[in-house]
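Peer 1: Contents are mmCIF, C-alpha atoms; file name target.cif:
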```cif
data_upload
loop_
_atom_site.label_atom_id
_atom_site.label_comp_id
_atom_site.auth_asym_id
_atom_site.auth_seq_id
_atom_site.Cartn_x
_atom_site.Cartn_y
_atom_site.Cartn_z
CA MET A 126 77.41 -77.89 -113.03
CA ALA A 127 77.64 -78.12 -116.79
CA PHE A 128 78.66 -80.86 -119.18
CA THR A 129 80.48 -80.41 -122.45
CA CYS A 130 79.06 -82.07 -125.51
CA ALA A 131 81.16 -83.55 -128.20
CA THR A 132 80.32 -80.62 -130.40
CA GLY A 133 81.63 -78.27 -127.89
CA LYS A 134 78.26 -77.04 -126.90
CA SER A 135 77.10 -77.38 -123.41
CA ARG A 136 73.87 -79.54 -122.69
CA PRO A 137 71.26 -77.81 -120.68
CA SER A 138 70.81 -78.87 -117.15
CA GLY A 139 68.10 -81.30 -116.16
CA LYS A 140 65.51 -78.69 -115.32
CA HIS A 141 65.60 -77.27 -118.81
CA ARG A 142 65.40 -80.65 -120.55
CA ARG A 143 62.53 -81.10 -123.14
CA PRO A 144 59.68 -83.15 -121.66
CA SER A 145 59.40 -86.71 -122.78
CA ARG A 146 56.30 -88.03 -124.69
CA MET A 147 54.93 -89.58 -121.52
CA GLN A 148 55.39 -86.39 -119.68
CA ARG A 149 53.63 -84.47 -122.42
CA SER A 150 50.72 -86.88 -122.37
CA THR A 151 50.51 -86.66 -118.61
CA ALA A 152 50.55 -82.91 -118.74
CA ARG A 153 47.95 -82.81 -121.46
CA ALA A 154 45.67 -85.05 -119.46
CA ALA A 155 46.14 -82.90 -116.42
CA GLY A 156 45.37 -79.83 -118.47
CA VAL A 157 42.27 -81.37 -119.89
CA ALA A 158 41.13 -82.31 -116.41
CA ALA A 159 41.77 -78.77 -115.25
CA LEU A 160 39.90 -77.27 -118.16
CA THR A 161 37.03 -79.66 -117.63
CA ALA A 162 36.88 -78.68 -113.97
CA THR A 163 36.68 -75.01 -114.87
CA GLY A 164 34.05 -75.60 -117.61
CA VAL A 165 36.31 -74.41 -120.36
CA MET A 166 36.82 -77.82 -121.84
CA GLY A 167 33.11 -78.36 -122.34
CA THR A 168 32.95 -75.12 -124.32
CA LEU A 169 36.09 -75.53 -126.34
CA ALA A 170 35.89 -79.23 -126.98
CA ALA A 171 32.25 -79.39 -127.98
CA PRO A 172 32.73 -78.50 -131.66
CA ALA A 173 35.68 -80.79 -132.02
CA LEU A 174 33.98 -83.63 -130.26
CA ALA A 175 30.81 -83.10 -132.23
CA ALA A 176 32.77 -83.37 -135.44
CA GLU A 177 34.02 -86.82 -134.48
CA PRO A 178 31.46 -89.59 -134.35
CA ALA A 179 31.22 -91.20 -130.96
CA ALA A 180 31.91 -94.85 -130.74
CA GLU A 181 28.56 -95.45 -129.11
CA GLN A 182 26.73 -93.91 -132.10
CA THR A 183 28.24 -96.27 -134.61
CA GLY A 184 25.54 -98.84 -135.48
CA LEU A 185 22.92 -97.47 -133.01
CA ILE A 186 20.65 -95.71 -135.53
CA PRO A 187 20.50 -98.74 -137.85
CA VAL A 188 19.50 -100.94 -134.89
CA ILE A 189 16.68 -98.59 -133.92
CA THR A 190 15.57 -98.40 -137.57
CA VAL A 191 15.43 -102.18 -137.85
CA GLU A 192 13.52 -102.45 -134.58
CA ASN A 193 10.99 -99.83 -135.76
CA SER A 194 10.59 -101.68 -139.05
CA ILE A 195 9.83 -104.94 -137.19
CA VAL A 196 7.33 -103.18 -134.96
CA ASP A 197 5.65 -101.66 -138.02
CA GLN A 198 5.45 -105.09 -139.62
CA ILE A 199 3.96 -106.59 -136.45
CA ASP A 200 1.43 -103.77 -136.26
CA ALA A 201 0.54 -104.24 -139.93
CA GLN A 202 0.11 -107.96 -139.39
CA ALA A 203 -2.08 -107.34 -136.33
CA ILE A 204 -4.23 -104.89 -138.28
CA ALA A 205 -4.49 -107.31 -141.19
CA GLN A 206 -5.43 -110.17 -138.84
CA GLU A 207 -8.02 -108.00 -137.11
CA ARG A 208 -9.46 -106.95 -140.48
CA ALA A 209 -9.50 -110.58 -141.64
CA ALA A 210 -11.20 -111.62 -138.40
CA LYS A 211 -13.85 -108.93 -138.83
CA GLU A 212 -14.38 -109.90 -142.46
CA ALA A 213 -14.65 -113.58 -141.47
CA ALA A 214 -17.14 -112.71 -138.71
CA ALA A 215 -19.15 -110.58 -141.14
CA ALA A 216 -19.09 -113.37 -143.73
CA LYS A 217 -20.18 -115.90 -141.10
CA LYS A 218 -22.98 -113.62 -139.96
CA ALA A 219 -24.08 -113.06 -143.56
CA ALA A 220 -24.02 -116.82 -144.18
CA GLN A 221 -26.05 -117.43 -141.03
CA GLU A 222 -28.56 -114.76 -142.05
CA ALA A 223 -28.78 -116.25 -145.53
CA ALA A 224 -29.31 -119.70 -144.03
CA ARG A 225 -31.96 -118.29 -141.69
CA LYS A 226 -33.78 -116.62 -144.57
CA LYS A 227 -33.54 -119.78 -146.65
CA ALA A 228 -34.93 -121.85 -143.78
CA ALA A 229 -37.69 -119.29 -143.20
CA ALA A 230 -38.55 -119.29 -146.89
CA LYS A 231 -38.59 -123.10 -146.93
CA ALA A 232 -40.79 -123.18 -143.83
CA ALA A 233 -43.10 -120.59 -145.35
CA LEU A 234 -43.31 -122.59 -148.56
CA GLU A 235 -44.01 -125.80 -146.67
CA ARG A 236 -46.63 -123.99 -144.59
CA GLU A 237 -48.21 -122.59 -147.75
CA VAL A 238 -48.24 -126.04 -149.33
CA LYS A 239 -49.88 -127.51 -146.23
CA GLU A 240 -52.41 -124.69 -146.03
CA ARG A 241 -53.18 -125.04 -149.74
CA ALA A 242 -53.60 -128.79 -149.31
CA ALA A 243 -55.83 -128.21 -146.29
CA ARG A 244 -57.94 -125.70 -148.21
CA GLU A 245 -58.22 -128.08 -151.13
CA ALA A 246 -59.17 -130.91 -148.79
CA GLU A 247 -61.79 -128.70 -147.14
CA ARG A 248 -63.10 -127.61 -150.51
CA LYS A 249 -63.41 -131.22 -151.60
CA ARG A 250 -65.06 -132.12 -148.32
CA LEU A 251 -67.60 -129.34 -148.69
CA LEU A 252 -68.32 -130.48 -152.22
CA SER A 253 -68.52 -134.11 -151.22
CA PHE A 254 -71.71 -136.06 -150.47
CA VAL A 255 -72.36 -138.87 -148.01
CA THR A 256 -75.24 -141.21 -147.19
CA PRO A 257 -77.76 -139.80 -144.70
CA ILE A 258 -77.35 -142.84 -142.42
CA ALA A 259 -73.96 -144.52 -142.23
CA GLY A 260 -73.90 -148.25 -142.94
CA SER A 261 -77.59 -148.42 -143.82
CA TYR A 262 -79.39 -149.58 -146.97
CA VAL A 263 -82.48 -148.63 -148.97
CA SER A 264 -85.50 -150.52 -147.67
CA THR A 265 -88.10 -148.90 -150.00
CA GLY A 266 -87.21 -147.57 -153.44
CA TYR A 267 -88.23 -144.46 -155.35
CA LYS A 268 -91.65 -144.48 -157.03
CA ALA A 269 -92.73 -147.61 -155.22
CA GLY A 270 -96.54 -147.87 -155.41
CA GLY A 271 -99.04 -148.36 -152.64
CA ALA A 272 -102.03 -146.95 -150.80
CA VAL A 273 -99.89 -145.63 -148.00
CA TRP A 274 -98.77 -142.70 -150.16
CA SER A 275 -101.21 -139.97 -151.00
CA SER A 276 -99.66 -139.44 -154.42
CA GLY A 277 -99.97 -143.12 -155.18
CA SER A 278 -96.21 -143.68 -155.26
CA HIS A 279 -93.19 -143.14 -153.10
CA THR A 280 -91.66 -139.68 -153.63
CA GLY A 281 -88.37 -140.60 -151.99
CA ILE A 282 -86.46 -143.57 -150.63
CA ASP A 283 -86.47 -145.11 -147.16
CA PHE A 284 -83.25 -145.97 -145.31
CA HIS A 285 -83.45 -148.72 -142.75
CA ALA A 286 -82.79 -147.25 -139.29
CA ALA A 287 -83.80 -148.00 -135.74
CA SER A 288 -85.31 -145.15 -133.77
CA GLY A 289 -82.62 -142.80 -132.46
CA THR A 290 -80.08 -143.45 -135.22
CA ALA A 291 -77.98 -140.40 -136.21
CA VAL A 292 -79.15 -138.70 -139.41
CA HIS A 293 -76.60 -136.66 -141.41
CA ALA A 294 -76.82 -133.96 -144.02
CA VAL A 295 -75.78 -135.53 -147.31
CA GLY A 296 -73.92 -132.39 -148.38
CA ALA A 297 -73.20 -128.74 -147.59
CA GLY A 298 -76.11 -126.34 -147.52
CA THR A 299 -78.49 -124.19 -145.46
CA VAL A 300 -81.49 -125.36 -143.47
CA VAL A 301 -84.73 -123.88 -144.88
CA GLU A 302 -87.20 -125.95 -142.86
CA ALA A 303 -86.93 -127.66 -139.48
CA GLY A 304 -90.13 -128.79 -137.74
CA TRP A 305 -93.35 -130.64 -138.21
CA GLY A 306 -94.09 -131.62 -141.81
CA GLY A 307 -97.51 -133.30 -141.65
CA ALA A 308 -97.30 -136.86 -143.08
CA TYR A 309 -93.49 -136.51 -142.93
CA GLY A 310 -93.63 -135.99 -139.19
CA ASN A 311 -90.62 -134.10 -137.84
CA ASN A 312 -88.62 -133.17 -140.91
CA VAL A 313 -85.66 -131.07 -142.10
CA VAL A 314 -85.30 -129.53 -145.56
CA ILE A 315 -81.86 -128.27 -146.69
CA LYS A 316 -81.04 -126.11 -149.69
CA MET A 317 -77.83 -127.61 -151.02
CA ASN A 318 -74.96 -125.50 -152.29
CA ASP A 319 -75.60 -126.75 -155.84
CA GLY A 320 -79.14 -125.30 -155.73
CA THR A 321 -81.02 -128.55 -155.16
CA TYR A 322 -82.92 -129.52 -151.99
CA THR A 323 -82.89 -132.57 -149.74
CA GLN A 324 -85.52 -133.67 -147.21
CA TYR A 325 -85.22 -135.88 -144.11
CA GLY A 326 -88.53 -137.12 -142.64
CA HIS A 327 -90.02 -139.08 -139.69
CA LEU A 328 -87.33 -137.84 -137.28
CA SER A 329 -87.66 -138.51 -133.58
CA SER A 330 -85.75 -135.29 -132.86
CA ILE A 331 -84.37 -132.32 -134.79
CA GLY A 332 -80.86 -130.96 -134.11
CA VAL A 333 -80.72 -127.92 -136.44
CA SER A 334 -82.65 -124.72 -137.01
CA VAL A 335 -83.73 -122.66 -140.03
CA GLY A 336 -80.92 -120.55 -141.46
CA GLN A 337 -78.17 -122.76 -140.08
CA SER A 338 -75.36 -123.84 -142.39
CA VAL A 339 -74.49 -127.51 -142.43
CA THR A 340 -71.58 -129.48 -143.84
CA PRO A 341 -71.42 -132.97 -145.38
CA GLY A 342 -71.90 -135.63 -142.71
CA GLN A 343 -73.04 -133.17 -140.02
CA GLN A 344 -75.68 -134.66 -137.73
CA ILE A 345 -79.04 -132.89 -138.12
CA GLY A 346 -81.30 -135.15 -136.03
CA LEU A 347 -82.27 -138.68 -135.02
CA SER A 348 -84.38 -141.16 -136.96
CA GLY A 349 -87.79 -142.14 -135.67
CA ALA A 350 -91.39 -143.00 -136.57
CA THR A 351 -93.20 -139.65 -136.50
CA GLY A 352 -95.86 -138.82 -139.11
CA ASN A 353 -97.46 -141.33 -141.48
CA VAL A 354 -95.31 -144.46 -140.97
CA THR A 355 -95.60 -148.14 -140.17
CA GLY A 356 -92.27 -148.25 -138.31
CA PRO A 357 -89.05 -146.33 -137.63
CA HIS A 358 -86.94 -145.42 -140.66
CA LEU A 359 -85.61 -142.36 -142.50
CA HIS A 360 -87.50 -140.96 -145.47
CA PHE A 361 -85.08 -139.15 -147.80
CA GLU A 362 -86.01 -137.03 -150.81
CA ALA A 363 -84.11 -135.02 -153.43
CA ARG A 364 -85.98 -132.06 -154.90
CA THR A 365 -85.59 -129.18 -157.32
CA SER A 366 -87.44 -126.88 -154.88
CA PRO A 367 -88.37 -127.00 -151.19
CA GLU A 368 -91.98 -127.83 -152.06
CA TYR A 369 -93.66 -131.20 -152.20
CA GLY A 370 -94.03 -132.56 -155.75
CA SER A 371 -90.64 -131.36 -157.07
CA ASP A 372 -88.97 -134.65 -156.22
CA ILE A 373 -86.28 -136.26 -158.38
CA ASP A 374 -84.75 -139.74 -158.20
CA PRO A 375 -82.76 -139.71 -154.90
CA ILE A 376 -80.65 -142.76 -155.88
CA ALA A 377 -79.52 -141.13 -159.12
CA TYR A 378 -79.01 -137.86 -157.24
CA LEU A 379 -76.69 -139.39 -154.63
CA ARG A 380 -74.81 -141.44 -157.19
CA SER A 381 -74.23 -138.35 -159.36
CA HIS A 382 -72.41 -136.88 -156.33
CA GLY A 383 -70.23 -139.93 -155.79
CA VAL A 384 -72.25 -141.71 -153.13
CA ASN A 385 -72.40 -145.48 -153.44
CA VAL A 386 -76.00 -146.53 -152.72
#
```
Here is the file; what I need is its structure written in the form of structure tokens.

Peer 2:
Amino acid sequence: MAFTCATGKSRPSGKHRRPSRMQRSTARAAGVAALTATGVMGTLAAPALAAEPAAEQTGLIPVITVENSIVDQIDAQAIAQERAAKEAAAAKKAAQEAARKKAAAKAALEREVKERAAREAERKRLLSFVTPIAGSYVSTGYKAGGAVWSSGSHTGIDFHAASGTAVHAVGAGTVVEAGWGGAYGNNVVIKMNDGTYTQYGHLSSIGVSVGQSVTPGQQIGLSGATGNVTGPHLHFEARTSPEYGSDIDPIAYLRSHGVNV
């Protein structure tokens, strides 16, 4: 059955009518689905699709770039902090080492000062002189006259002392005689470090031997009454040689070495 148009032309029947836009879209979608199912669409559409930027790609690369930049900054900060920590640790260690060396140098200096002071004190001690009997006094002076002395006068001085009182070397020196000395009884003769000699007579006992070094104040024996005496005491002489007859004034000798007698 045919219809007549106003122009006189007949309109095609419904089966020959041009497809509507919806129909064309539906058909196109069906075609695309069919082509996709057969694999043709993937081949044909790839260039076209590649030419058009996907919606998902828009803004993705910038986000990744920003994230990478932040990570790089964090890494750089971590490296800088680690380097700073190492530098701080090294500086602390160097400061500790410097402090240790400074303390060691100070301790060494203090030790040197103490040792120097001790050496000086020992030197002074060795150069010092003391009385042969502590707390005693001179009971008979030098050059006192009388028949009891073979020379006619006293060649030394006598210190008051009970028998058994400690007798000390008046200074540093070396023992050159230790034994019986005739009228002096048991006696000790010491060559002093300054080249002079000192003698200690009438001892009840002798505590040193020949060749022995003695220091100021060192005990060398005990006082007594051996030899030519009238009672216990210490006979002390200062000499220029170890021999009898080289005596010098013992009071002046001791005083010249700082001893108060």

Peer 1: Atom CA of A:Ser371 and atom CA of A:Lys316 are how many Å apart?

Peer 2: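 If I compute the distance from atom CA of A:Ser371 to atom CA of A:Lys316, I get 13.2 Å.
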
Peer 1: Within 8 Å of (-86.6, -132.9, -136.3) (file coordinates; all atoms listed in the file), which protein or nucleic acid residues are there? I'd like them as a PyMOL selection string.

Peer 2: chain A and resi 303-305+311-313+326-333+345-347

Peer 1: Save the residues we just selected, C-alpha atoms, as a PDB file, keeping the file's coordinate frame?

Peer 2:
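Contents of again_33.pdb, as written:
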```
ATOM      1  CA  ALA A 303     -86.930-127.660-139.480  1.00  0.00           C
ATOM      2  CA  GLY A 304     -90.130-128.790-137.740  1.00  0.00           C
ATOM      3  CA  TRP A 305     -93.350-130.640-138.210  1.00  0.00           C
ATOM      4  CA  ASN A 311     -90.620-134.100-137.840  1.00  0.00           C
ATOM      5  CA  ASN A 312     -88.620-133.170-140.910  1.00  0.00           C
ATOM      6  CA  VAL A 313     -85.660-131.070-142.100  1.00  0.00           C
ATOM      7  CA  GLY A 326     -88.530-137.120-142.640  1.00  0.00           C
ATOM      8  CA  HIS A 327     -90.020-139.080-139.690  1.00  0.00           C
ATOM      9  CA  LEU A 328     -87.330-137.840-137.280  1.00  0.00           C
ATOM     10  CA  SER A 329     -87.660-138.510-133.580  1.00  0.00           C
ATOM     11  CA  SER A 330     -85.750-135.290-132.860  1.00  0.00           C
ATOM     12  CA  ILE A 331     -84.370-132.320-134.790  1.00  0.00           C
ATOM     13  CA  GLY A 332     -80.860-130.960-134.110  1.00  0.00           C
ATOM     14  CA  VAL A 333     -80.720-127.920-136.440  1.00  0.00           C
ATOM     15  CA  ILE A 345     -79.040-132.890-138.120  1.00  0.00           C
ATOM     16  CA  GLY A 346     -81.300-135.150-136.030  1.00  0.00           C
ATOM     17  CA  LEU A 347     -82.270-138.680-135.020  1.00  0.00           C
TER      18      LEU A 347
END
```

Peer 1: Exactly which residues make up the result of the PyMOL selection byres ((chain A and resi 350) around 9) on this file, given as a ChimeraX atom specification?

Peer 2: /A:288,310,326-329,348-349,351-359

Peer 1: Write out as a list in words the residues lying within 9 Å of A:Ile373, counting all atoms listed in the file and excluding same-chain residues fewer than 6 positions away.

Peer 2: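 With the cut-off at 9 Å, the set is Tyr267, Thr280, Gly281, Glu362, Ala363, Arg364 and Thr365 of chain A.
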
Peer 1: Mind checking which residues fall within 12 Å of A:Lys249, counting only C-alpha atoms, ignoring those fewer than 3 positions away in the same chain, and posting them as a list in words?

Peer 2: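 Within the cut-off, the hits are Ala242, Ala243, Arg244, Glu245, Ala246, Leu252, Ser253, Phe254, Gly296, Ala297, Thr340, Pro341, His382 and Gly383 of chain A.
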
Peer 1: To one decimal place, how far is atom CA of A:Ile282 from atom CA of A:Gly336 in Å?

Peer 2: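 If I compute the distance from atom CA of A:Ile282 to atom CA of A:Gly336, I get 25.4 Å.
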
Peer 1: Mind pulling up the distance from atom CA of A:Thr299 to atom CA of A:Val255?

Peer 2: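 Pair atom CA of A:Val255 / atom CA of A:Thr299 returns 16.1 Å.
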
Peer 1: Given the file above and the PyMOL selection byres ((chain A and resi 263) around 8), which residues are selected, and can you give them as a PyMOL selection string?

Peer 2: chain A and resi 261-262+264-266+282-285+386
